[in-house]
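Printed here is work24.cif (mmCIF, C-alpha atoms):
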data_run
loop_
_atom_site.label_atom_id
_atom_site.label_comp_id
_atom_site.auth_asym_id
_atom_site.auth_seq_id
_atom_site.Cartn_x
_atom_site.Cartn_y
_atom_site.Cartn_z
CA MET A 1 -70.88 -24.09 25.29
CA PHE A 2 -69.87 -27.55 24.21
CA SER A 3 -66.60 -29.04 23.05
CA PHE A 4 -66.21 -31.53 20.26
CA LEU A 5 -63.93 -33.08 17.67
CA TRP A 6 -64.86 -33.21 14.02
CA PRO A 7 -64.50 -36.70 12.54
CA ARG A 8 -61.60 -36.83 10.09
CA ALA A 9 -64.03 -37.46 7.25
CA PHE A 10 -65.64 -34.08 7.91
CA HIS A 11 -62.51 -31.97 8.41
CA SER A 12 -62.65 -29.05 6.02
CA SER A 13 -61.28 -25.55 5.76
CA GLN A 14 -64.75 -24.35 4.74
CA PRO A 15 -68.01 -24.30 6.73
CA PRO A 16 -70.76 -26.68 5.56
CA PRO A 17 -72.95 -25.33 2.72
CA LEU A 18 -76.34 -23.82 3.38
CA LYS A 19 -79.29 -26.07 2.62
CA ASP A 20 -80.64 -23.62 0.06
CA ASP A 21 -77.31 -23.42 -1.80
CA PRO A 22 -78.00 -25.27 -5.08
CA THR A 23 -74.30 -25.59 -5.89
CA GLY A 24 -73.40 -27.25 -2.62
CA GLY A 25 -70.46 -24.85 -2.43
CA PRO A 26 -69.13 -23.01 0.61
CA SER A 27 -70.78 -19.83 1.79
CA PRO A 28 -68.92 -16.80 0.38
CA THR A 29 -69.57 -14.27 3.14
CA GLY A 30 -68.83 -13.91 6.82
CA SER A 31 -72.51 -13.32 7.63
CA ASP A 32 -73.45 -16.55 5.85
CA HIS A 33 -70.74 -18.31 7.83
CA TYR A 34 -72.43 -17.28 11.07
CA HIS A 35 -75.79 -18.30 9.55
CA CYS A 36 -74.29 -21.76 9.04
CA LEU A 37 -73.06 -21.91 12.61
CA SER A 38 -76.51 -21.06 13.95
CA ASN A 39 -78.20 -23.95 12.11
CA PRO A 40 -77.64 -27.22 14.01
CA ASP A 41 -79.02 -29.29 11.10
CA LEU A 42 -75.80 -28.60 9.18
CA TYR A 43 -73.51 -30.34 11.68
CA GLN A 44 -72.53 -33.94 12.31
CA GLY A 45 -71.32 -33.48 15.92
CA PRO A 46 -70.76 -33.10 18.71
CA ILE A 47 -68.45 -36.00 19.42
CA ASP A 48 -67.44 -36.07 23.06
CA VAL A 49 -63.75 -36.90 22.74
CA THR A 50 -60.89 -35.10 24.48
CA PRO A 51 -57.73 -34.66 22.34
CA THR A 52 -55.37 -34.79 25.30
CA ASP A 53 -52.22 -34.53 23.19
CA MET A 54 -53.54 -33.08 19.91
CA PRO A 55 -54.55 -29.42 20.37
CA GLU A 56 -54.84 -28.97 16.60
CA LEU A 57 -57.93 -31.23 16.59
CA PHE A 58 -59.88 -29.45 19.32
CA ASP A 59 -62.90 -27.44 18.21
CA ILE A 60 -65.90 -25.67 19.71
CA LEU A 61 -68.86 -23.95 18.13
CA LEU A 62 -68.98 -20.20 18.89
CA SER A 63 -71.36 -18.15 16.78
CA ASP A 64 -72.23 -15.33 19.19
CA ILE A 65 -68.78 -13.71 19.59
CA ASN A 66 -66.61 -12.34 16.81
CA GLU A 67 -63.83 -9.77 16.40
CA LYS A 68 -66.25 -6.83 16.21
CA VAL A 69 -68.04 -7.87 19.40
CA LEU A 70 -64.68 -8.25 21.18
CA HIS A 71 -63.55 -4.78 20.11
CA ASP A 72 -66.88 -3.08 20.82
CA GLU A 73 -69.42 -4.48 23.30
CA ILE A 74 -67.09 -6.73 25.29
CA SER A 75 -64.33 -4.11 25.53
CA THR A 76 -66.89 -1.59 26.81
CA LYS A 77 -68.25 -3.97 29.44
CA LEU A 78 -64.77 -5.01 30.58
CA GLY A 79 -63.51 -1.42 30.63
CA SER A 80 -60.40 -2.15 28.57
CA ALA A 81 -59.72 -2.00 24.84
CA TYR A 82 -59.15 -5.35 23.16
CA LEU A 83 -55.58 -5.88 21.89
CA SER A 84 -54.47 -2.51 23.29
CA GLU A 85 -50.91 -2.00 24.48
CA THR A 86 -50.50 -1.80 28.24
CA PRO A 87 -47.59 -1.39 30.69
CA HIS A 88 -45.77 -4.56 31.69
CA LEU A 89 -46.90 -6.21 34.90
CA THR A 90 -44.44 -5.70 37.73
CA SER A 91 -46.15 -8.62 39.49
CA PRO A 92 -49.10 -10.86 38.60
CA HIS A 93 -52.58 -9.69 39.55
CA ALA A 94 -53.98 -11.62 42.50
CA THR A 95 -57.55 -11.15 41.19
CA VAL A 96 -58.88 -10.37 37.72
CA ASP A 97 -62.48 -9.22 37.31
CA GLY A 98 -64.55 -10.44 34.38
CA ILE A 99 -68.07 -10.51 33.00
CA LEU A 100 -70.81 -12.83 31.81
CA PHE A 101 -71.71 -11.80 28.29
CA GLY A 102 -74.67 -12.45 26.02
CA LYS A 103 -77.57 -14.86 26.14
CA HIS A 104 -75.22 -17.82 26.59
CA ASN A 105 -73.46 -16.23 29.59
CA ARG A 106 -69.95 -16.44 28.16
CA VAL A 107 -67.35 -15.90 30.89
CA LEU A 108 -64.70 -13.41 29.75
CA PHE A 109 -61.62 -11.97 31.44
CA PRO A 110 -59.19 -9.23 30.33
CA LEU A 111 -55.65 -10.53 30.83
CA VAL A 112 -52.26 -8.98 30.16
CA VAL A 113 -50.13 -11.06 27.79
CA ARG A 114 -46.53 -10.77 26.72
CA PHE A 115 -43.96 -12.81 24.88
CA PRO A 116 -40.92 -13.48 27.08
CA ARG A 117 -38.26 -10.80 26.62
CA GLN A 118 -40.45 -8.77 24.25
CA SER A 119 -40.96 -5.03 24.61
CA HIS A 120 -44.78 -4.90 24.38
CA SER A 121 -47.61 -6.17 26.55
CA TYR A 122 -51.23 -6.34 25.40
CA VAL A 123 -54.69 -6.67 26.93
CA ILE A 124 -56.43 -9.71 25.49
CA HIS A 125 -59.99 -10.73 26.30
CA PHE A 126 -60.12 -14.46 26.98
CA LEU A 127 -63.18 -16.66 26.99
CA TYR A 128 -62.82 -18.95 29.99
CA ASP A 129 -63.62 -22.53 28.94
CA SER A 130 -62.84 -25.30 31.42
CA GLY A 131 -64.02 -27.77 28.76
CA SER A 132 -61.03 -26.92 26.59
CA PRO A 133 -57.89 -28.85 27.54
CA PHE A 134 -55.74 -26.14 25.95
CA THR A 135 -55.30 -22.37 25.79
CA TYR A 136 -55.56 -20.67 22.39
CA LEU A 137 -54.93 -17.26 20.87
CA SER A 138 -57.27 -16.11 18.11
CA LYS A 139 -56.11 -15.52 14.56
CA GLU A 140 -56.39 -11.75 15.02
CA ALA A 141 -54.35 -11.86 18.24
CA CYS A 142 -51.70 -14.05 16.59
CA ASP A 143 -51.49 -11.63 13.66
CA LYS A 144 -51.07 -8.74 16.10
CA LEU A 145 -48.37 -10.39 18.18
CA PHE A 146 -46.43 -12.23 15.47
CA GLY A 147 -46.77 -9.65 12.70
CA THR A 148 -45.34 -11.06 9.48
CA SER A 149 -43.53 -13.91 11.24
CA PRO A 150 -44.98 -17.42 10.88
CA VAL A 151 -47.13 -18.60 13.79
CA PRO A 152 -45.82 -21.87 15.28
CA ALA A 153 -48.11 -24.73 16.25
CA GLU A 154 -47.25 -24.08 19.90
CA PHE A 155 -45.48 -21.20 21.60
CA SER A 156 -44.72 -19.86 25.08
CA MET A 157 -46.11 -16.59 26.36
CA GLN A 158 -46.86 -14.88 29.65
CA ILE A 159 -50.48 -14.55 30.74
CA ASN A 160 -50.88 -12.50 33.91
CA GLY A 161 -47.13 -12.65 34.36
CA LYS A 162 -46.87 -16.44 34.26
CA GLU A 163 -45.50 -18.42 31.33
CA ILE A 164 -47.59 -21.12 29.65
CA LYS A 165 -47.76 -22.95 26.33
CA VAL A 166 -50.36 -21.51 23.95
CA ASN A 167 -51.72 -22.71 20.60
CA PRO A 168 -53.23 -20.99 17.58
CA PRO A 169 -56.64 -22.34 16.50
CA ASN A 170 -56.71 -24.77 13.61
CA ALA A 171 -57.65 -23.05 10.34
CA SER A 172 -60.72 -25.30 10.02
CA SER A 173 -61.93 -24.65 13.57
CA HIS A 174 -65.04 -22.68 14.48
CA PHE A 175 -63.41 -20.49 17.14
CA GLU A 176 -60.44 -18.89 15.38
CA HIS A 177 -61.95 -15.48 16.20
CA VAL A 178 -61.90 -16.10 19.99
CA ASN A 179 -59.13 -16.47 22.59
CA LEU A 180 -59.74 -19.50 24.82
CA LEU A 181 -58.40 -19.81 28.34
CA GLY A 182 -58.39 -23.55 28.91
CA ALA A 183 -58.13 -26.04 31.74
CA ASP A 184 -54.34 -26.22 31.32
CA PHE A 185 -54.05 -22.61 32.50
CA GLY A 186 -56.37 -23.21 35.44
CA ALA A 187 -54.59 -26.37 36.57
CA THR A 188 -51.09 -24.96 36.10
CA PHE A 189 -51.73 -21.84 38.17
CA ARG A 190 -54.39 -23.32 40.50
CA ILE A 191 -56.87 -20.56 39.79
CA MET A 192 -60.27 -20.16 41.42
CA VAL A 193 -63.05 -18.83 39.18
CA ILE A 194 -66.17 -17.43 40.84
CA ILE A 195 -69.20 -16.81 38.61
CA ASN A 196 -72.04 -14.61 39.81
CA TYR A 197 -75.09 -15.13 37.62
CA ASP A 198 -77.06 -12.66 39.72
CA ASN A 199 -75.09 -9.62 38.53
CA ASN A 200 -73.34 -11.08 35.44
CA THR A 201 -69.85 -10.81 36.87
CA ALA A 202 -66.96 -13.22 37.38
CA SER A 203 -63.65 -13.14 39.20
CA MET A 204 -60.47 -15.13 38.71
CA ARG A 205 -58.34 -15.55 41.80
CA PHE A 206 -54.74 -16.69 41.82
CA PRO A 207 -52.83 -18.38 44.66
CA SER A 208 -51.74 -16.23 47.58
CA VAL A 209 -48.10 -16.93 46.65
CA TYR A 210 -48.59 -14.38 43.87
CA GLY A 211 -48.84 -11.72 46.55
CA SER A 212 -51.46 -9.04 46.98
CA GLU A 213 -51.95 -6.08 44.70
#
Starting from the file, lay out its structure as structure tokens.
Amino acid sequence: MFSFLWPRAFHSSQPPPLKDDPTGGPSPTGSDHYHCLSNPDLYQGPIDVTPTDMPELFDILLSDINEKVLHDEISTKLGSAYLSETPHLTSPHATVDGILFGKHNRVLFPLVVRFPRQSHSYVIHFLYDSGSPFTYLSKEACDKLFGTSPVPAEFSMQINGKEIKVNPPNASSHFEHVNLLGADFGATFRIMVIINYDNNTASMRFPSVYGSE
């Protein structure tokens, strides 16, 4: 996985056209969109710049995970249904077990999220990315949690019982289908992530002050 910023000149709400598209227009289908993402010749980046105070400019290229994969394969491997309702946490989990998924060994964790003072909690599968300065909810997750209400550029929510600022992905980003757990979450709650490439598992451990389960 790599992180990058698109130059302003290349910011667009559409993916770059395919080389064999004689019109030069955007690809009309989702499958073509992922075809675009898999062809490195169509991209100008990466540019190794960290937008420390501009989460709306952050972008990463993720072509191997989409909503269907999150609902099907990843949910099966994690043992919990993506975006399913779940009881509220009475206390934060001290340890959360995760997986390494796919040929790129994506590190994913199922975490319970909740808006403060709201009546519902949900299980959301987060891709752990220490290269992202920020934490993001996918477009599908935002639609689920906000319903018909507008999604703000930044909002507070509880992840594993602890409140943190979260952002929606920019509409022109290449990861709006994935939830990213960024370095801000790790630093704020002093987590320890252990990755076991031998058995394709991962664990996220929280400080002992959270108590034991």
* Once the PyMOL selection byres ((chain A and resi 113) around 12) has been applied to the shown file, what residues remain in the selection, as a VMD selection string? -> chain A and resid 82 to 89 92 110 to 112 114 to 126 137 141 to 142 144 to 145 156 to 164 166 179
* Counting only C-alpha atoms, what is within 12 Å of Pro207 in chain A, bar same-chain residues fewer than 3 positions away, as number ranges by chain? -> A: 92-95, 186-193, 204, 210-212
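As for CA of Val69 in chain A and CA of Ala202 in chain A, they are spaced 18.8 Å apart.
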Determine the axis-aligned bounding box of all atoms of range 115-125 of chain A present in the file, pad each side by 8 Å, and express its centre and edge lengths in Å to one decimal place as AutoDock Vina command-line options.
--center_x -49.1 --center_y -9.2 --center_z 25.7 --size_x 37.7 --size_y 24.6 --size_z 18.8
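Note that the spacing between CA of Thr76 in chain A and CA of Phe134 in chain A amounts to 27.0 Å.
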Near-Pro168 in chain A list (10 Å; only C-alpha atoms; drop same-chain fewer than 2 positions) as a compact mmCIF listing (two decimals) with C-alpha atoms, in the frame of the given file:
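The result, stored in around_14.txt:
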# COMPACT_ATOMS: atom_id res chain seq x y z
CA PRO A 55 -54.55 -29.42 20.37
CA GLU A 56 -54.84 -28.97 16.60
CA THR A 135 -55.30 -22.37 25.79
CA TYR A 136 -55.56 -20.67 22.39
CA LEU A 137 -54.93 -17.26 20.87
CA SER A 138 -57.27 -16.11 18.11
CA LYS A 139 -56.11 -15.52 14.56
CA ALA A 141 -54.35 -11.86 18.24
CA CYS A 142 -51.70 -14.05 16.59
CA VAL A 151 -47.13 -18.60 13.79
CA PRO A 152 -45.82 -21.87 15.28
CA ALA A 153 -48.11 -24.73 16.25
CA GLU A 154 -47.25 -24.08 19.90
CA PHE A 155 -45.48 -21.20 21.60
CA VAL A 166 -50.36 -21.51 23.95
CA ASN A 170 -56.71 -24.77 13.61
CA ALA A 171 -57.65 -23.05 10.34
CA GLU A 176 -60.44 -18.89 15.38
CA ASN A 179 -59.13 -16.47 22.59
CA LEU A 180 -59.74 -19.50 24.82
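In terms of minimum interatomic distance to Val107 in chain A, A:Tyr197 ranks closest within A:Phe146, A:Phe185, A:Phe175, A:Tyr197, counting all atoms listed in the file.
Between CA of Gly182 in chain A and CA of Phe58 in chain A lies a distance of 11.4 Å.
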